[in-house]
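Q: Got a structure for you, written out below as structure tokens; questions coming shortly.
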Amino acid sequence: MVWLAMAGLSAAGCVQDSAQATNKSMSKSKVYIGALTCNVAGGTGYLIAGSREANCLFTPEAGQPQAYKGTIRDLGIDIGETRPVRLLWKVYSLGSQRGPDALVGTYVGETAQVTADSRSGGNWLYGGRDAEIALAATATFVGDNTGYHLQYAALTVTLSLAP
């Protein structure tokens, strides 16, 4: 529980960038391939599990943006209620998956978040089609009056191309 409080405090000073600003700041990385911005639906945590839908846009360093639909599920401590928020993940590829459908697949990892009107925390996920993609978000999430929530859980995110 101490780790959860420390994660919230360390992330509280961060400001979440736009996808374009993130791409610019990461331009010298050899494994960074773009930014994934997701509008995540609000929801209620039911003590040990939660689920939320997301509409996402992957903005690659090069090429055209690609829309994705996402389902975010967690299993662990998940207590409280939140309103819709926007989340930005830095996307890294350890392989050759860099095309328009590069992010299709399921990702697993962990999340730690504290929400008390504003929201801070982070999550770290690995997976995708060939388990070559990593998603990382450690920032204060966009949104005012986002609710009250405590979460430390295993997390899965499933992404598919949006119609």
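Chain identifiers are assigned as A, B, and so on, following the order in which chains appear in the structure tokens; residues are numbered from 1 within each chain, and ligands are numbered from 1 in order of appearance.
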Check region 1-162 of chain A with DSSP on the backbone and list each residue it calls alpha helix (DSSP H), as a list in words.

A: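 Here are the alpha helix (DSSP H) residues of region 1-162 of chain A: Val2, Trp3, Leu4, Ala5, Met6, Ala7, Gly8, Leu9, Ser10, Ala11, Ala12, Ala19, Gln20, Ala21, Thr22, Asn23, Lys24 and Ser25 of chain A.
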
Q: Compare A:Ala67, A:Ile77, A:Val85, A:Ala19 by their minimum atom-to-atom distance to Val40 (chain A), counting only C-alpha atoms, and give me the closest one.

A: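 Of the candidates, the smallest distance to Val40 (chain A) is held by A:Val85.
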
Q: Write out as a PyMOL selection string the residues lying within 12 Å of Gly34 (chain A), counting only C-alpha atoms and excluding same-chain residues fewer than 2 positions away.

A: chain A and resi 18-32+36-37+57-66+88-93+97-100+102-103+133-136

Q: Any idea what's packed within 9 Å of Asp101 (chain A), counting only C-alpha atoms, ignoring anything in its chain fewer than 5 positions away? Could you give it as number ranges by chain?

A: A: 66, 68, 160-161

Q: When distances are computed from only C-alpha atoms, which of A:Ala131, A:Ala137, A:Ala35, A:Ala112 shows the smallest separation from Asp74 (chain A)?

A: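 Selected residue with least distance to Asp74 (chain A): A:Ala112.
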
Q: Could you check which of A:Leu94, A:His149, A:Thr82, A:Leu87 is closest to Val114 (chain A), using only C-alpha atoms?

A: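 Using only C-alpha atoms, the shortest distance to Val114 (chain A) belongs to A:His149.
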
Q: At a cut-off of 6 Å, using only C-alpha atoms, what residues contact Thr106 (chain A)? Leave out same-chain residues fewer than 2 positions from it and give the result as a list in words.

A: Gly127, Gly128, Val157 and Thr158 of chain A

Q: For CA of Glu81 (chain A) and CA of Val104 (chain A), determine how far apart the two atoms are, in Å to one decimal place.

A: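 Those two atoms sit 28.4 Å apart.
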
Q: When you draw a straight line from CA of Thr156 (chain A) to CA of Gly109 (chain A), how long is it in Å?

A: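 Computing it gives 6.5 Å between the two atoms.
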
Q: Enumerate the residues of region 2-163 of chain A with a DSSP assignment of strand (DSSP E or B), computed from the backbone, and present them as a PyMOL selection string.

A: chain A and resi 32-40+43-60+66-82+85-93+105-116+118-127+133-142+147-161
